[in-house]
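Source file model.pdb; content: PDB, C-alpha atoms and all ligand atoms.
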```
ATOM      1  CA  MET Q   1      20.131 127.901  72.768
ATOM      2  CA  GLN Q   2      23.242 126.425  71.236
ATOM      3  CA  LEU Q   3      21.528 124.463  68.446
ATOM      4  CA  ALA Q   4      18.559 126.692  67.605
ATOM      5  CA  GLY Q   5      17.164 125.802  64.187
ATOM      6  CA  LYS Q   6      19.624 122.953  63.611
ATOM      7  CA  ILE Q   7      18.650 119.551  62.238
ATOM      8  CA  ALA Q   8      20.274 116.623  64.044
ATOM      9  CA  VAL Q   9      20.157 112.986  62.995
ATOM     10  CA  ILE Q  10      20.935 110.385  65.648
ATOM     11  CA  THR Q  11      21.354 106.656  65.204
ATOM     12  CA  GLY Q  12      20.380 104.600  68.229
ATOM     13  CA  GLY Q  13      18.291 107.446  69.655
ATOM     14  CA  SER Q  14      15.575 105.491  71.441
ATOM     15  CA  ARG Q  15      17.449 104.784  74.675
ATOM     16  CA  GLY Q  16      20.777 105.111  76.450
ATOM     17  CA  ILE Q  17      23.395 107.584  75.221
ATOM     18  CA  GLY Q  18      21.544 108.324  71.963
ATOM     19  CA  ARG Q  19      18.317 109.165  73.753
ATOM     20  CA  ALA Q  20      20.071 111.459  76.269
ATOM     21  CA  THR Q  21      21.833 113.202  73.393
ATOM     22  CA  ALA Q  22      18.610 113.561  71.398
ATOM     23  CA  LEU Q  23      16.972 115.193  74.410
ATOM     24  CA  ALA Q  24      20.007 117.426  75.058
ATOM     25  CA  PHE Q  25      20.117 118.562  71.432
ATOM     26  CA  ALA Q  26      16.352 119.180  71.393
ATOM     27  CA  ARG Q  27      16.610 121.166  74.621
ATOM     28  CA  GLU Q  28      19.157 123.366  72.842
ATOM     29  CA  GLY Q  29      16.768 123.979  69.953
ATOM     30  CA  ALA Q  30      17.472 121.221  67.409
ATOM     31  CA  ASP Q  31      14.861 119.232  65.496
ATOM     32  CA  ILE Q  32      15.620 115.529  65.662
ATOM     33  CA  ALA Q  33      15.471 112.475  63.421
ATOM     34  CA  PHE Q  34      16.536 109.252  65.063
ATOM     35  CA  CYS Q  35      16.587 105.590  64.260
ATOM     36  CA  HIS Q  36      16.540 102.563  66.527
ATOM     37  CA  LEU Q  37      16.127  98.805  66.319
ATOM     38  CA  ASP Q  38      13.054  97.025  67.734
ATOM     39  CA  ASP Q  39      12.530  98.996  70.962
ATOM     40  CA  ALA Q  40       9.390 100.764  69.671
ATOM     41  CA  ALA Q  41       7.949 101.748  73.050
ATOM     42  CA  GLN Q  42      11.170 103.443  74.131
ATOM     43  CA  ALA Q  43      11.416 105.176  70.746
ATOM     44  CA  ASP Q  44       7.860 106.492  71.073
ATOM     45  CA  THR Q  45       8.590 107.786  74.582
ATOM     46  CA  THR Q  46      11.744 109.588  73.443
ATOM     47  CA  ALA Q  47       9.944 111.068  70.420
ATOM     48  CA  ALA Q  48       7.075 112.269  72.623
ATOM     49  CA  GLU Q  49       9.515 113.989  75.005
ATOM     50  CA  ILE Q  50      11.195 115.765  72.089
ATOM     51  CA  ALA Q  51       7.844 116.833  70.627
ATOM     52  CA  ALA Q  52       6.781 118.122  74.063
ATOM     53  CA  MET Q  53       9.702 120.562  73.877
ATOM     54  CA  GLY Q  54       8.150 121.993  70.708
ATOM     55  CA  ARG Q  55      10.718 120.411  68.380
ATOM     56  CA  ARG Q  56      10.009 118.486  65.211
ATOM     57  CA  VAL Q  57      10.889 114.825  65.479
ATOM     58  CA  MET Q  58      10.754 111.738  63.278
ATOM     59  CA  HIS Q  59      11.969 108.241  64.001
ATOM     60  CA  ARG Q  60      12.443 105.016  62.087
ATOM     61  CA  ASN Q  61      12.893 101.427  63.138
ATOM     62  CA  LEU Q  62      15.767 100.041  61.048
ATOM     63  CA  ASP Q  63      18.980  98.093  61.187
ATOM     64  CA  VAL Q  64      22.018 100.280  60.490
ATOM     65  CA  ALA Q  65      23.793  97.161  59.211
ATOM     66  CA  ASP Q  66      21.489  97.386  56.190
ATOM     67  CA  ILE Q  67      23.271 100.029  54.136
ATOM     68  CA  GLY Q  68      20.239 100.759  51.935
ATOM     69  CA  ASP Q  69      18.012 101.331  54.960
ATOM     70  CA  GLY Q  70      20.598 103.654  56.472
ATOM     71  CA  GLN Q  71      20.848 105.653  53.265
ATOM     72  CA  ARG Q  72      17.052 105.878  53.025
ATOM     73  CA  PHE Q  73      16.906 107.065  56.641
ATOM     74  CA  ILE Q  74      19.315 109.907  55.883
ATOM     75  CA  ALA Q  75      17.323 110.864  52.763
ATOM     76  CA  GLU Q  76      13.987 110.745  54.612
ATOM     77  CA  SER Q  77      15.386 112.778  57.520
ATOM     78  CA  GLY Q  78      16.432 115.521  55.119
ATOM     79  CA  GLN Q  79      13.085 115.441  53.336
ATOM     80  CA  ALA Q  80      11.098 115.578  56.572
ATOM     81  CA  LEU Q  81      13.119 118.132  58.537
ATOM     82  CA  GLY Q  82      15.468 119.926  56.122
ATOM     83  CA  PRO Q  83      19.209 119.804  55.433
ATOM     84  CA  ILE Q  84      21.126 117.842  58.041
ATOM     85  CA  ASP Q  85      23.466 119.922  60.211
ATOM     86  CA  ILE Q  86      24.589 117.252  62.683
ATOM     87  CA  LEU Q  87      24.939 113.482  62.525
ATOM     88  CA  PHE Q  88      25.435 111.612  65.806
ATOM     89  CA  ASN Q  89      26.498 108.183  64.612
ATOM     90  CA  ASN Q  90      25.838 106.199  67.759
ATOM     91  CA  ALA Q  91      23.837 102.969  67.346
ATOM     92  CA  GLY Q  92      25.604 100.029  68.909
ATOM     93  CA  ILE Q  93      25.533  96.534  70.296
ATOM     94  CA  ASN Q  94      27.976  94.188  71.957
ATOM     95  CA  ILE Q  95      28.372  90.413  71.961
ATOM     96  CA  ARG Q  96      30.486  89.379  74.934
ATOM     97  CA  LYS Q  97      32.537  86.241  74.322
ATOM     98  CA  ASN Q  98      36.098  85.132  74.696
ATOM     99  CA  PHE Q  99      38.132  85.396  71.497
ATOM    100  CA  GLU Q 100      38.250  81.622  70.956
ATOM    101  CA  ASP Q 101      34.430  81.448  70.925
ATOM    102  CA  VAL Q 102      33.751  84.292  68.471
ATOM    103  CA  THR Q 103      31.999  82.966  65.363
ATOM    104  CA  GLU Q 104      31.984  84.476  61.898
ATOM    105  CA  ASP Q 105      28.367  85.509  62.502
ATOM    106  CA  ASP Q 106      29.333  87.289  65.757
ATOM    107  CA  PHE Q 107      32.178  89.056  64.014
ATOM    108  CA  ASP Q 108      30.041  90.089  61.036
ATOM    109  CA  ARG Q 109      27.213  91.386  63.230
ATOM    110  CA  ILE Q 110      29.520  93.505  65.382
ATOM    111  CA  VAL Q 111      31.488  94.907  62.471
ATOM    112  CA  ASN Q 112      28.401  95.464  60.321
ATOM    113  CA  VAL Q 113      26.560  97.408  63.018
ATOM    114  CA  LEU Q 114      29.413  99.257  64.712
ATOM    115  CA  PHE Q 115      31.661 100.030  61.788
ATOM    116  CA  ARG Q 116      30.237  99.251  58.333
ATOM    117  CA  GLY Q 117      26.822 100.707  59.196
ATOM    118  CA  ALA Q 118      28.322 103.778  60.852
ATOM    119  CA  PHE Q 119      30.693 104.276  57.916
ATOM    120  CA  PHE Q 120      27.985 104.325  55.260
ATOM    121  CA  ILE Q 121      25.483 106.363  57.278
ATOM    122  CA  ALA Q 122      28.231 108.935  57.761
ATOM    123  CA  GLN Q 123      28.934 108.831  54.018
ATOM    124  CA  ALA Q 124      25.254 109.376  53.178
ATOM    125  CA  ALA Q 125      25.014 112.344  55.562
ATOM    126  CA  TYR Q 126      28.379 113.709  54.383
ATOM    127  CA  LYS Q 127      27.162 113.790  50.778
ATOM    128  CA  THR Q 128      24.253 115.998  51.848
ATOM    129  CA  MET Q 129      26.631 118.294  53.778
ATOM    130  CA  LEU Q 130      29.222 118.747  51.007
ATOM    131  CA  PRO Q 131      27.165 121.055  48.754
ATOM    132  CA  ARG Q 132      26.443 123.323  51.745
ATOM    133  CA  GLY Q 133      30.064 123.292  52.902
ATOM    134  CA  ALA Q 134      28.936 122.760  56.485
ATOM    135  CA  GLY Q 135      28.150 119.943  58.846
ATOM    136  CA  ILE Q 136      29.158 118.063  61.948
ATOM    137  CA  ILE Q 137      29.685 114.321  62.256
ATOM    138  CA  ILE Q 138      30.205 112.763  65.671
ATOM    139  CA  SER Q 139      30.593 109.011  66.105
ATOM    140  CA  THR Q 140      30.419 107.010  69.303
ATOM    141  CA  ALA Q 141      33.565 104.960  69.684
ATOM    142  CA  SER Q 142      34.439 103.516  73.103
ATOM    143  CA  GLN Q 143      37.264 103.485  75.596
ATOM    144  CA  THR Q 144      37.649  99.843  74.553
ATOM    145  CA  GLY Q 145      38.874 101.173  71.194
ATOM    146  CA  LEU Q 146      41.681 102.911  73.087
ATOM    147  CA  LYS Q 147      42.665 100.296  75.656
ATOM    148  CA  GLY Q 148      40.922  97.045  74.630
ATOM    149  CA  GLN Q 149      38.698  94.913  76.805
ATOM    150  CA  PRO Q 150      38.676  91.177  77.520
ATOM    151  CA  GLY Q 151      35.568  89.433  76.220
ATOM    152  CA  ALA Q 152      35.051  92.155  73.647
ATOM    153  CA  VAL Q 153      37.704  91.669  70.977
ATOM    154  CA  PRO Q 154      35.536  92.330  67.869
ATOM    155  CA  TYR Q 155      33.781  95.214  69.670
ATOM    156  CA  SER Q 156      37.078  96.828  70.697
ATOM    157  CA  ALA Q 157      38.484  96.396  67.189
ATOM    158  CA  ALA Q 158      35.377  97.936  65.587
ATOM    159  CA  LYS Q 159      35.533 100.877  67.997
ATOM    160  CA  ALA Q 160      39.227 101.394  67.200
ATOM    161  CA  ALA Q 161      38.166 101.418  63.544
ATOM    162  CA  ILE Q 162      35.721 104.234  64.327
ATOM    163  CA  ILE Q 163      38.600 106.236  65.814
ATOM    164  CA  GLY Q 164      40.748 105.682  62.701
ATOM    165  CA  PHE Q 165      37.803 106.478  60.444
ATOM    166  CA  THR Q 166      37.201 109.708  62.370
ATOM    167  CA  ARG Q 167      40.819 110.822  62.046
ATOM    168  CA  ALA Q 168      41.105 110.059  58.334
ATOM    169  CA  LEU Q 169      37.759 111.598  57.423
ATOM    170  CA  ALA Q 170      38.498 114.698  59.500
ATOM    171  CA  TRP Q 171      41.462 115.441  57.213
ATOM    172  CA  GLU Q 172      39.247 115.295  54.120
ATOM    173  CA  ALA Q 173      36.221 116.941  55.663
ATOM    174  CA  ALA Q 174      37.569 119.937  57.581
ATOM    175  CA  PRO Q 175      38.773 121.891  54.519
ATOM    176  CA  ARG Q 176      35.263 121.395  53.134
ATOM    177  CA  GLY Q 177      33.581 122.873  56.202
ATOM    178  CA  ILE Q 178      32.613 119.628  57.903
ATOM    179  CA  ARG Q 179      33.858 118.813  61.412
ATOM    180  CA  VAL Q 180      34.339 115.159  62.265
ATOM    181  CA  ASN Q 181      35.015 113.919  65.791
ATOM    182  CA  ALA Q 182      34.391 110.929  68.025
ATOM    183  CA  ILE Q 183      33.470 110.238  71.619
ATOM    184  CA  ALA Q 184      35.018 107.263  73.390
ATOM    185  CA  PRO Q 185      32.971 106.812  76.556
ATOM    186  CA  GLY Q 186      34.083 104.708  79.453
ATOM    187  CA  PRO Q 187      31.475 102.467  81.058
ATOM    188  CA  VAL Q 188      28.074 104.145  81.151
ATOM    189  CA  ASP Q 189      24.956 102.893  82.890
ATOM    190  CA  THR Q 190      22.776 101.741  79.953
ATOM    191  CA  ASP Q 191      21.088  98.544  78.751
ATOM    192  CA  LEU Q 192      24.299  97.701  76.903
ATOM    193  CA  VAL Q 193      26.321  97.262  80.090
ATOM    194  CA  ARG Q 194      23.400  95.917  82.139
ATOM    195  CA  GLN Q 195      23.878  92.691  80.116
ATOM    196  CA  ASN Q 196      26.893  92.022  82.367
ATOM    197  CA  SER Q 197      26.731  90.530  85.864
ATOM    198  CA  PRO Q 198      26.540  92.749  88.974
ATOM    199  CA  GLN Q 199      29.896  91.222  90.022
ATOM    200  CA  TRP Q 200      31.510  92.382  86.765
ATOM    201  CA  ARG Q 201      30.163  95.861  87.326
ATOM    202  CA  ALA Q 202      31.245  96.037  90.975
ATOM    203  CA  ALA Q 203      34.784  94.932  90.079
ATOM    204  CA  PHE Q 204      34.938  97.464  87.219
ATOM    205  CA  GLU Q 205      33.694 100.316  89.400
ATOM    206  CA  ALA Q 206      36.161  99.418  92.142
ATOM    207  CA  ARG Q 207      39.118  99.904  89.814
ATOM    208  CA  LEU Q 208      37.863 103.135  88.241
ATOM    209  CA  PRO Q 209      39.512 106.243  89.762
ATOM    210  CA  VAL Q 210      36.082 107.917  90.116
ATOM    211  CA  GLY Q 211      34.573 104.736  91.567
ATOM    212  CA  ARG Q 212      31.403 104.706  89.461
ATOM    213  CA  PHE Q 213      30.030 104.290  85.954
ATOM    214  CA  GLY Q 214      29.177 107.364  83.926
ATOM    215  CA  THR Q 215      25.688 108.655  83.247
ATOM    216  CA  VAL Q 216      24.140 109.084  79.814
ATOM    217  CA  ASP Q 217      23.833 112.815  80.489
ATOM    218  CA  GLU Q 218      27.603 113.074  81.005
ATOM    219  CA  ILE Q 219      28.149 111.625  77.524
ATOM    220  CA  ALA Q 220      25.409 113.785  75.998
ATOM    221  CA  ALA Q 221      27.227 116.838  77.401
ATOM    222  CA  THR Q 222      30.328 115.840  75.415
ATOM    223  CA  ALA Q 223      28.230 115.357  72.267
ATOM    224  CA  LEU Q 224      26.724 118.798  72.788
ATOM    225  CA  LEU Q 225      30.165 120.345  73.148
ATOM    226  CA  LEU Q 226      31.259 118.794  69.835
ATOM    227  CA  ALA Q 227      27.992 119.699  68.080
ATOM    228  CA  GLY Q 228      27.734 123.264  69.325
ATOM    229  CA  PRO Q 229      29.521 126.512  68.595
ATOM    230  CA  GLN Q 230      32.006 125.957  71.425
ATOM    231  CA  GLY Q 231      33.374 122.824  69.731
ATOM    232  CA  GLY Q 232      34.676 124.630  66.664
ATOM    233  CA  PHE Q 233      38.357 123.785  67.177
ATOM    234  CA  TYR Q 234      37.899 120.030  67.619
ATOM    235  CA  CYS Q 235      38.873 118.184  64.453
ATOM    236  CA  GLY Q 236      39.496 114.435  64.296
ATOM    237  CA  ALA Q 237      39.475 114.347  68.075
ATOM    238  CA  THR Q 238      38.365 111.457  70.224
ATOM    239  CA  LEU Q 239      37.034 112.888  73.472
ATOM    240  CA  SER Q 240      36.905 110.248  76.158
ATOM    241  CA  PRO Q 241      34.749 110.862  79.222
ATOM    242  CA  ASN Q 242      35.703 107.675  81.038
ATOM    243  CA  GLY Q 243      36.079 108.258  84.786
ATOM    244  CA  GLY Q 244      39.838 107.845  84.557
ATOM    245  CA  ASP Q 245      39.716 104.397  82.959
ATOM    246  CA  VAL Q 246      42.017 105.641  80.196
ATOM    247  CA  MET Q 247      44.173 108.714  80.818
ATOM    248  CA  HIS Q 248      45.811 110.222  77.773
TER     249      HIS Q 248
HETATM  250  P1  LIG Q 301      21.796 101.030  74.466
HETATM  251  O1  LIG Q 301      21.676  99.572  74.305
HETATM  252  O2  LIG Q 301      21.202 101.702  75.646
HETATM  253  O3  LIG Q 301      21.225 101.785  73.162
HETATM  254  C1  LIG Q 301      21.569 101.331  71.876
HETATM  255  C2  LIG Q 301      20.772 102.100  70.847
HETATM  256  O4  LIG Q 301      21.183 101.652  69.537
HETATM  257  C3  LIG Q 301      19.283 101.868  70.929
HETATM  258  O5  LIG Q 301      18.603 103.021  70.505
HETATM  259  C4  LIG Q 301      19.044 100.735  69.926
HETATM  260  O6  LIG Q 301      17.716 100.702  69.407
HETATM  261  C5  LIG Q 301      20.044 101.141  68.847
HETATM  262  N1  LIG Q 301      20.497 100.034  68.008
HETATM  263  C6  LIG Q 301      21.126  98.898  68.395
HETATM  264  N2  LIG Q 301      21.419  98.148  67.317
HETATM  265  C7  LIG Q 301      20.952  98.819  66.242
HETATM  266  C8  LIG Q 301      20.944  98.568  64.850
HETATM  267  N3  LIG Q 301      21.491  97.452  64.343
HETATM  268  N4  LIG Q 301      20.359  99.467  64.020
HETATM  269  C9  LIG Q 301      19.803 100.593  64.522
HETATM  270  N5  LIG Q 301      19.796 100.901  65.821
HETATM  271  C10 LIG Q 301      20.357 100.029  66.675
HETATM  272  O7  LIG Q 301      23.363 101.313  74.387
HETATM  273  P2  LIG Q 301      24.271 102.590  74.721
HETATM  274  O8  LIG Q 301      25.139 102.212  75.846
HETATM  275  O9  LIG Q 301      23.465 103.835  74.789
HETATM  276  O10 LIG Q 301      25.186 102.595  73.418
HETATM  277  C11 LIG Q 301      25.233 103.671  72.502
HETATM  278  C12 LIG Q 301      26.603 103.700  71.873
HETATM  279  O11 LIG Q 301      27.574 103.942  72.881
HETATM  280  C13 LIG Q 301      27.010 102.373  71.220
HETATM  281  O12 LIG Q 301      27.709 102.639  70.016
HETATM  282  C14 LIG Q 301      27.920 101.756  72.245
HETATM  283  O13 LIG Q 301      28.818 100.859  71.656
HETATM  284  C15 LIG Q 301      28.612 102.998  72.774
HETATM  285  N6  LIG Q 301      29.251 102.861  74.074
HETATM  286  C16 LIG Q 301      28.552 102.517  75.172
HETATM  287  C17 LIG Q 301      29.210 102.419  76.382
HETATM  288  C18 LIG Q 301      28.493 102.038  77.633
HETATM  289  O14 LIG Q 301      29.179 101.729  78.626
HETATM  290  N7  LIG Q 301      27.169 102.041  77.662
HETATM  291  C19 LIG Q 301      30.567 102.692  76.467
HETATM  292  C20 LIG Q 301      31.259 103.050  75.317
HETATM  293  C21 LIG Q 301      30.587 103.145  74.124
END
```

The structure given in the file should be rewritten as structure tokens.
Amino acid sequence: MQLAGKIAVITGGSRGIGRATALAFAREGADIAFCHLDDAAQADTTAAEIAAMGRRVMHRNLDVADIGDGQRFIAESGQALGPIDILFNNAGINIRKNFEDVTEDDFDRIVNVLFRGAFFIAQAAYKTMLPRGAGIIISTASQTGLKGQPGAVPYSAAKAAIIGFTRALAWEAAPRGIRVNAIAPGPVDTDLVRQNSPQWRAAFEARLPVGRFGTVDEIAATALLLAGPQGGFYCGATLSPNGGDVMH
């Protein structure tokens, strides 16, 4: 078991990539705290599956855009489970619109959830890791942060910010024993992309070298690599499982 006895905190753990990662981490021995927004039934299902593996689990319904709630979530996770070893900073949304139609509210919501929220949750977890001189922070960026995507200008910009944040923090964090990395998935079959039309998906899949969208388990495998003992030499990296959408 690669994560035996570890405490992992996951934002956006009720469904999609966060859920698959929570289950993968639990399977490898980690206890799990996760947060989510509104999807209580899915959160309960995920928590029950983790508990059925014999792991401790807690979950909270909160909005990561609320910095105070995010900080409280980190504090409560530590109190309930013990010192945090791993943060998977993953909660996310998208609002698909052409650039000319993006409102200030759209912009604020995207940036507040994807970047501002992720930034301050990472800071709260980081502060608990510093005294121990150990910890792992992984954030979910996106391939859109590497190559851009039409209809997703604020989203792509916020994901590029996550990549810059990861690189800068990695410089500060690594000498203090904390490894910081990001994952930039290509298109993955989750509720987030199911918002788009079947035609959009078919056209996207047709131009992907592998000819299909990724699975949540393929992204969870990358998170596990970064979180586990075999990921020790990754520092400030952005690993991008993306089916060939971006080659670099
Ligand atoms: P999803 O919609 O399946 O899951 C999103 C999760 O985030 C859920 O648990 C939801 O409750 C939670 N969440 C959403 N807004 C929240 C908020 N304000 N506060 C707290 N929790 C919130 O989506 P997903 O595809 O699994 O996305 C996970 C991450 O992966 C996101 O950061 C997304 O941008 C990123 N991503 C997804 C894809 C993809 O193709 N699915 C590709 C690249 C990156």

Next item on the list: Figure out the distance between atom CA of Ala157 of chain Q and atom CA of Gly214 of chain Q, please, to one decimal in Å.
Entry: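 That distance, rounded to one decimal, is 22.1 Å.
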
Notebook entry, point to check: Could you spell out the hits of the PyMOL selection byres (((chain Q and resi 66-68) around 12) and not hetatm) on the shown file, as a list in words?
Noted result: Leu37, Asn61, Leu62, Asp63, Val64, Ala65, Asp69, Gly70, Gln71, Arg72, Phe73, Ile74, Ala75, Arg109, Asn112, Val113, Leu114, Phe115, Arg116, Gly117, Ala118, Phe119, Phe120, Ile121, Ala122, Gln123 and Ala124 of chain Q

Next item on the list: Measure the distance from atom CA of Trp200 of chain Q to atom CA of Ala40 of chain Q in Å and round it to one decimal.
Entry: 29.2 Å

Next item on the list: Produce as number ranges by chain the set of residues near ligand LIG 301 (chain Q), where near means within 7 Å with only C-alpha atoms and all ligand atoms considered.
Entry: Q: 11-19, 35-39, 62-65, 90-94, 113-114, 140-143, 184-193

Notebook entry, point to check: Interatomic distance between atom CA of Arg207 of chain Q and atom CA of Val153 of chain Q?
Noted result: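 The value is 20.6 Å.
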